[in-house]
Amino acid sequence: MAAAAEEALAPAGALGGLVRDFVAGHQDGPAAEVAADVKSGRCTVLQVVEALGSCLENPEPRTRGRGIQLLSQVLLQCHPLLLEKEVVHLTLFYENQLKDHHLVIPSVLQGLRALSMSDVLPPGLAVSVLKAIFQEVHVQVMDGEKDPRNLLVAFRIVYDLISKDYSLGPFVEELFEVTSCYFPVDFTPPPNDPHGIQREDLILSLRAVLASTPRFAEFLLPLLLEKVDSEMLSAKLDSLQTLNACCAVYGQKELKDYLPSLWTSIRREVFQTSSERVEAEGLAALHSLSACLSRSVLEADAEDLLDSFLSSILEDCRHHLCEPDMKLVWPSAKLLQAAAGASARACDRVTSTVIPLLLEQFNRHSQSSQRRTILEMLLGFLKLQQKWGNEDKDEIPLSSFKTPLCSLVSLALADPSTQLQLVGIRALTVLGAQPGLLSTQDLELAIDHLYRLSFLEEESQSCLAAMEASGTLATLYPTVFISHLVPRLAEELHTGDTELASGEGPSYQARRLRCLQALSAVSTHASIVRETLPMLLQYLRHVHRGKNANSNEVIAVCRSLHLVAGQCQQEPESCWYFHQTAVPCLLALAVQASMPDKDLPNPGKLLLEEEVLAAMVSVISTASTHLSPELAAQSVALVVPLFLDGDVSFLSENSFPSKFLPFQNSSSEQKRLVALLMAFVCSLPKNVEIPQLDRLMQELLTLSCHHDRLFSCTAAAKCFAGLLNKHPAGQQLDEFLQKAMEKVETGLSPGPYRSQAFTLLLWVTKALVLRYHPLSSCLTERLMGLLSDAELGPAAADGFSLLMADCPDVLHRAGHAEIRIMFRQRFFTDSVPALVQGFHAAPQNVKPNYLKGLSHVLNSLPKPVLLPELPTLLSLLLEALSCTDSVVQLSTLSCLQPLLLDAPQVMSLHIDTLVTKFLNLSCSPSMAVRIAALQCIHALTRLPTPVLLPYKMQVIRALAKPLDDKKRLVRREAVTARGA
């Protein structure tokens, strides 16, 4: 029978073979071949129809469907070739096929679509086709649909119908009913769902439909009110979010009849809410309602719905603001602020009523806590006025309340309560940000308060807030701050000498540090910087020459300078002023400190201490990163000759007792200052040419490998690496690299400078790894070779941490270093297999070095990169936990904790080992390791419950010891882990 059916489908010739392959053989390729034959003229559409004759009459619907599908696919490609007569006959044929079995209909519609694209289709025939489709094609109604895939398609179709302005006529309610029956969406995706459709997808798709037209308003708003009033949390949230979306397309007409009910429901959800999310969505919906009413244009005789709506809100909320117990104060304030924040008109209407009320309440209550609550609320309304107050208004916003507001803020700032002071400081900042509101007298009084708060003896919160506010206000009112605050801070620094002389040092020491902080905080405007920077530098000179100074004070001055340098970066003029004023001064003081001087007391050498030099490096680096290439070139032409030739002519104080030649001089003090050279040259833009570069690089190389003091050698190595990293590829770079490797290899051979040569190797490797230089892999291999070195092995292992980490002083993006994206991932791919191989081949005594290096690399990787490699590396990580080195333990624990959260299935296979090792490490001598181990034990609770249950009692018993730990932070982690 099958053979007979196949024979019936097989007309003679090549065309017949293609038809047979498509229809009976279920191959799709022949359709394109038939279409190509028609296009080339080897056959006609009529011949295709004739070849399909027997299958179009076949009693099996699927066979008929395949036949129609072949013809339709040919027509889709060949419709431009058809004559009008052919189009007419084919259209009538297809219309007739619309009465066929539902399996055939999709292919018929495809064919009609192809014919509709023909230029010779008669208009009357198009009408006939549409009538036939509506008469013969029966489509399921969507309100019975259950498949989420189909629902997404259906919602999209309805949205397109509405958004493309199809005339819905009398079917608006019917269309609303067939979609709204799914609201609110109740759908839980089945486990292992291959389609990945989430409940949120359906919610958003349906919401787009419901909120797409104002014509749904009369049906949708009652439904939303009903669902908001239900007990289901998800229904409340969905309804409020949908209302929020609707307000973007509705106008006053749609909302008018429902405003009282909507306000009642939202008020109830905010006043009586048991969920912060519902409260937040309720406030957002109220904001949108107010915004919608604000947008509508008022006609002369029309009711102002916004005014009446806001009157209802004020009526229901204002009395709560005056209640002595203040129970509903915050919900009322939130509701009023949500409505007021929608527009300038809403803001004026609400604040004109609420601000006088809150001012009165502040004066009526005397307790600091109550005053703080009232001022917090008031602050919210002041911020709204700040947002909307400047829009097309002639008068200054809040000007009618200026006097009582200033008085209230002054009272808050003078109050002993820290919390009230903090709110007062924020309120002052908001008032000051409104142009023209505060007079010079008001500002001077405010500055007095801020000055006093900046020097509070104990409370650091108010001090920091006062300094921050000073910086914000100084940007807006630089003249007042220059005349009223800066001189007082200068005097504060100056009076120190008297107090120190009278033996009142310790209390003054703290005030002096505060004063330095305040000077840097207020240096937020170019004109103020021109006053404060010379003052800070003069004070640094004073400390440098003083007899009672200590390194903490010098570091404090440098930190202040660093903050000012950062604040100057926004403005090129300020940036250059800071650079050309501060950098020569710092270099001069450092050069002076590096020379023998009988007049300079011993504390003058403070500038040469490592911590102090590090602080100066930060200042010089920050002062140089934002220079324009022209100004940077101007500066580098002075600084490099200073270090190479001792040219001190540009320094602010240039009479020194001896020559400054750090590279030639045997003085170790002078060599330490190469750190400052590094800070400058390694922070410049890449396109700035360094003068005498060949000579400079040679000097840096020599110093890096032939000096006893590791600080100076490291500074030289870092400077060399920083310049190497930015240098363009070419012969000169290759020469620098060759010389560096010769130095490294010579230094690594047995002798006194092995550590120095290793440091140079490490920094050069980092410089090349960051920029993907081809030689970086050779240097990494050389570094790995040192892991087996008895002397340098542990340092080489720690070196992998340095290669992966961000450095604060050199080779960082802020200093324009050449850093390629994903360099860590690339380093991982290149180095980890070699580390693993080296570990397996290494003698037992050096295996920990390989584990430490591996742990550092893995710990720096983004987790998505690490997860696929986890199965092969996990055994090594577990072995690393047995290493006695606490650095290895800590690094490995830091690596494992996120993996327990992100890859529970893989980690579950090693549960026995993990539990044992984590519990052992929870009693480690190192506090950091104990904390990390307890955090990992907590993370174990993310593994599947059946995996954990056998270990439950063992872990709970073992945690008794950390629960008794002498360190509070360890006890806290133990409590968290045990509870989980």
# chains A, B, ... in the order shown; residues from 1 in each chain; ligands from 1
>>> residues_around(residues="Gly785 in chain A", least_positions_apart="6", cutoff="10 Å", atoms="only C-alpha atoms", output="PyMOL selection string")
chain A and resi 779+793+796+835+838
>>> residues_around(residues="Val522 in chain A", least_positions_apart="4", cutoff="9 Å", atoms="only C-alpha atoms", output="ChimeraX atom specification")
/A:467-475,481,485-486,517-518,528-529,532,564
>>> closest_atom_pairs(of="range 16-37 of chain A", to="range 48-70 of chain A", cutoff="7 Å", atoms="only C-alpha atoms", output="Markdown table")
| residue | atom | partner | partner_atom | distance |
| --- | --- | --- | --- | --- |
| A:Gly16 | CA | A:Ala51 | CA | 6.0 |
| A:Val19 | CA | A:Leu52 | CA | 7.0 |
| A:Val23 | CA | A:Arg66 | CA | 5.4 |
| A:Ala31 | CA | A:Leu70 | CA | 5.8 |
>>> write_last_selection(atoms="N, CA and C atoms", output="compact mmCIF listing (two decimals), in the first residue's frame")
# COMPACT_ATOMS: atom_id res chain seq x y z
N GLY A 16 9.03 16.15 -10.66
CA GLY A 16 8.30 15.14 -9.89
C GLY A 16 9.14 14.56 -8.76
N VAL A 19 9.23 17.11 -5.92
CA VAL A 19 7.94 17.11 -5.22
C VAL A 19 7.85 15.89 -4.30
N VAL A 23 7.28 16.11 -0.24
CA VAL A 23 5.99 15.68 0.33
C VAL A 23 6.12 14.35 1.06
N ALA A 31 12.15 22.58 -1.80
CA ALA A 31 11.33 23.77 -2.06
C ALA A 31 12.16 24.88 -2.69
>>> closest_atom_pairs(of="range 109-156 of chain A", to="range 179-183 of chain A", cutoff="12 Å", atoms="only C-alpha atoms", output="JSON lines")
{"residue": "A:Val141", "atom": "CA", "partner": "A:Thr179", "partner_atom": "CA", "distance": 10.6}
{"residue": "A:Met142", "atom": "CA", "partner": "A:Thr179", "partner_atom": "CA", "distance": 7.9}
{"residue": "A:Asp143", "atom": "CA", "partner": "A:Thr179", "partner_atom": "CA", "distance": 6.8}
{"residue": "A:Gly144", "atom": "CA", "partner": "A:Cys181", "partner_atom": "CA", "distance": 9.5}
{"residue": "A:Glu145", "atom": "CA", "partner": "A:Tyr182", "partner_atom": "CA", "distance": 9.7}
{"residue": "A:Lys146", "atom": "CA", "partner": "A:Tyr182", "partner_atom": "CA", "distance": 9.9}
{"residue": "A:Pro148", "atom": "CA", "partner": "A:Tyr182", "partner_atom": "CA", "distance": 11.2}
{"residue": "A:Leu151", "atom": "CA", "partner": "A:Thr179", "partner_atom": "CA", "distance": 9.5}
{"residue": "A:Leu152", "atom": "CA", "partner": "A:Thr179", "partner_atom": "CA", "distance": 11.2}
{"residue": "A:Ala154", "atom": "CA", "partner": "A:Thr179", "partner_atom": "CA", "distance": 8.9}
{"residue": "A:Phe155", "atom": "CA", "partner": "A:Thr179", "partner_atom": "CA", "distance": 7.5}
{"residue": "A:Arg156", "atom": "CA", "partner": "A:Thr179", "partner_atom": "CA", "distance": 11.0}
>>> closest_residue(among="A:Pro657, A:Gly380, A:Gly196, A:Pro808", to="Ser621 in chain A", atoms="only C-alpha atoms")
A:Pro808
>>> residues_around(residues="Thr622 in chain A", least_positions_apart="4", cutoff="8 Å", atoms="only C-alpha atoms", output="list in words")
His562, Ala565, Gly566, Ser618, His626 and Ser683 of chain A
>>> residues_around(residues="Pro214 in chain A", least_positions_apart="6", cutoff="9 Å", atoms="only C-alpha atoms", output="PyMOL selection string")
chain A and resi 246+249-251+254
>>> write_last_selection(atoms="N, CA, C and O atoms", output="PDB file, in the first residue's frame")
ATOM      1  N   CYS A 246      -0.416  52.772  34.608  1.00  0.00           N
ATOM      2  CA  CYS A 246      -1.578  53.387  33.942  1.00  0.00           C
ATOM      3  C   CYS A 246      -1.525  54.914  33.997  1.00  0.00           C
ATOM      4  O   CYS A 246      -1.987  55.587  33.068  1.00  0.00           O
ATOM      5  N   VAL A 249      -0.466  56.994  31.029  1.00  0.00           N
ATOM      6  CA  VAL A 249      -1.296  57.180  29.821  1.00  0.00           C
ATOM      7  C   VAL A 249      -2.681  57.759  30.126  1.00  0.00           C
ATOM      8  O   VAL A 249      -3.385  58.173  29.220  1.00  0.00           O
ATOM      9  N   TYR A 250      -3.064  57.774  31.406  1.00  0.00           N
ATOM     10  CA  TYR A 250      -4.393  58.297  31.753  1.00  0.00           C
ATOM     11  C   TYR A 250      -4.357  59.815  31.887  1.00  0.00           C
ATOM     12  O   TYR A 250      -3.301  60.423  32.059  1.00  0.00           O
ATOM     13  N   GLY A 251      -5.548  60.408  31.852  1.00  0.00           N
ATOM     14  CA  GLY A 251      -5.698  61.831  32.126  1.00  0.00           C
ATOM     15  C   GLY A 251      -6.715  62.026  33.241  1.00  0.00           C
ATOM     16  O   GLY A 251      -7.195  61.065  33.848  1.00  0.00           O
ATOM     17  N   GLU A 254     -10.184  60.032  33.004  1.00  0.00           N
ATOM     18  CA  GLU A 254     -10.233  58.609  33.370  1.00  0.00           C
ATOM     19  C   GLU A 254     -10.196  58.408  34.885  1.00  0.00           C
ATOM     20  O   GLU A 254     -10.787  57.474  35.416  1.00  0.00           O
TER      21      GLU A 254
END
>>> residues_around(residues="range 125-131 of chain A", least_positions_apart="6", cutoff="9 Å", atoms="only C-alpha atoms", output="list in words")
Val88, Thr91, Leu92, Tyr94, Glu95, Leu112 and Ser116 of chain A
>>> residues_around(residues="Glu323 in chain A", least_positions_apart="4", cutoff="12 Å", atoms="only C-alpha atoms", output="MDAnalysis selection string")
chainID A and resid 317:319 327:330 332 357:358 361 364:365 370 374
>>> write_last_selection(atoms="N, CA, C and O atoms", output="mmCIF file, in the first residue's frame")
data_model
loop_
_atom_site.group_PDB
_atom_site.id
_atom_site.type_symbol
_atom_site.label_atom_id
_atom_site.label_comp_id
_atom_site.auth_asym_id
_atom_site.auth_seq_id
_atom_site.Cartn_x
_atom_site.Cartn_y
_atom_site.Cartn_z
ATOM 1 N N CYS A 317 -4.052 63.786 56.540
ATOM 2 C CA CYS A 317 -2.700 63.582 57.086
ATOM 3 C C CYS A 317 -2.231 64.668 58.054
ATOM 4 O O CYS A 317 -1.435 64.381 58.944
ATOM 5 N N ARG A 318 -2.708 65.901 57.875
ATOM 6 C CA ARG A 318 -2.093 67.008 58.629
ATOM 7 C C ARG A 318 -2.257 66.854 60.129
ATOM 8 O O ARG A 318 -1.340 67.190 60.890
ATOM 9 N N HIS A 319 -3.428 66.328 60.585
ATOM 10 C CA HIS A 319 -3.621 66.230 62.041
ATOM 11 C C HIS A 319 -2.676 65.210 62.670
ATOM 12 O O HIS A 319 -2.333 65.302 63.842
ATOM 13 N N LYS A 327 2.565 58.720 66.438
ATOM 14 C CA LYS A 327 2.524 57.348 65.914
ATOM 15 C C LYS A 327 2.483 57.318 64.382
ATOM 16 O O LYS A 327 3.174 56.541 63.757
ATOM 17 N N LEU A 328 1.612 58.129 63.806
ATOM 18 C CA LEU A 328 1.426 58.096 62.351
ATOM 19 C C LEU A 328 2.106 59.280 61.658
ATOM 20 O O LEU A 328 1.756 59.644 60.543
ATOM 21 N N VAL A 329 3.087 59.853 62.349
ATOM 22 C CA VAL A 329 3.785 61.003 61.783
ATOM 23 C C VAL A 329 4.518 60.627 60.487
ATOM 24 O O VAL A 329 4.353 61.270 59.451
ATOM 25 N N TRP A 330 5.309 59.556 60.542
ATOM 26 C CA TRP A 330 6.121 59.205 59.375
ATOM 27 C C TRP A 330 5.287 58.754 58.189
ATOM 28 O O TRP A 330 5.524 59.205 57.060
ATOM 29 N N SER A 332 2.316 59.640 57.446
ATOM 30 C CA SER A 332 1.666 60.842 56.913
ATOM 31 C C SER A 332 2.657 61.690 56.115
ATOM 32 O O SER A 332 2.343 62.182 55.027
ATOM 33 N N LEU A 357 3.178 74.319 59.665
ATOM 34 C CA LEU A 357 2.710 73.359 60.678
ATOM 35 C C LEU A 357 3.901 72.713 61.395
ATOM 36 O O LEU A 357 3.938 72.619 62.631
ATOM 37 N N LEU A 358 4.911 72.279 60.614
ATOM 38 C CA LEU A 358 6.076 71.612 61.200
ATOM 39 C C LEU A 358 6.949 72.593 61.985
ATOM 40 O O LEU A 358 7.518 72.228 63.019
ATOM 41 N N GLN A 361 5.299 72.874 65.255
ATOM 42 C CA GLN A 361 5.503 71.677 66.071
ATOM 43 C C GLN A 361 6.911 71.617 66.657
ATOM 44 O O GLN A 361 7.110 71.184 67.783
ATOM 45 N N ARG A 364 7.037 73.741 69.613
ATOM 46 C CA ARG A 364 6.171 73.264 70.686
ATOM 47 C C ARG A 364 6.832 72.119 71.460
ATOM 48 O O ARG A 364 6.635 71.971 72.658
ATOM 49 N N HIS A 365 7.595 71.281 70.772
ATOM 50 C CA HIS A 365 8.253 70.139 71.434
ATOM 51 C C HIS A 365 9.654 70.531 71.881
ATOM 52 O O HIS A 365 10.383 71.184 71.135
ATOM 53 N N GLN A 370 12.108 64.259 69.629
ATOM 54 C CA GLN A 370 10.922 64.723 68.896
ATOM 55 C C GLN A 370 11.310 65.797 67.875
ATOM 56 O O GLN A 370 10.827 65.796 66.741
ATOM 57 N N ILE A 374 10.753 65.807 63.723
ATOM 58 C CA ILE A 374 10.083 66.898 62.999
ATOM 59 C C ILE A 374 11.023 67.507 61.960
ATOM 60 O O ILE A 374 10.625 67.773 60.823
#
>>> closest_atom_pairs(of="range 308-352 of chain A", to="range 258-266 of chain A", cutoff="12 Å", atoms="only C-alpha atoms", output="CSV")
residue,atom,partner,partner_atom,distance
A:Ser308,CA,A:Leu259,CA,9.8
A:Phe309,CA,A:Leu259,CA,7.2
A:Leu310,CA,A:Trp263,CA,10.0
A:Ser311,CA,A:Pro260,CA,11.3
A:Ser312,CA,A:Pro260,CA,8.2
A:Ile313,CA,A:Trp263,CA,7.7
A:Leu314,CA,A:Trp263,CA,11.5
A:Glu315,CA,A:Trp263,CA,11.9
A:Asp316,CA,A:Thr264,CA,9.7
A:Cys317,CA,A:Trp263,CA,11.7
A:Pro331,CA,A:Ile266,CA,11.2
A:Ser332,CA,A:Ile266,CA,11.6
A:Lys334,CA,A:Ile266,CA,11.8
A:Leu335,CA,A:Ile266,CA,9.0
A:Leu336,CA,A:Trp263,CA,11.9
A:Ala338,CA,A:Ile266,CA,11.4
A:Ala339,CA,A:Trp263,CA,10.8
>>> closest_residue(among="A:Val350, A:Met678, A:Met953, A:Leu445", to="Arg978 in chain A", atoms="only C-alpha atoms")
A:Met953
>>> closest_residue(among="A:Leu866, A:Leu220, A:Ala939, A:Val554", to="Glu173 in chain A", atoms="only C-alpha atoms")
A:Leu220
>>> select_by_dssp(residues="range 209-251 of chain A", states="alpha helix (DSSP H)", output="number ranges by chain")
A: 209-210, 217-228, 233-246
>>> atom_distance(atom1="CA of Cys292 in chain A", atom2="CA of Val185 in chain A")
26.1 Å
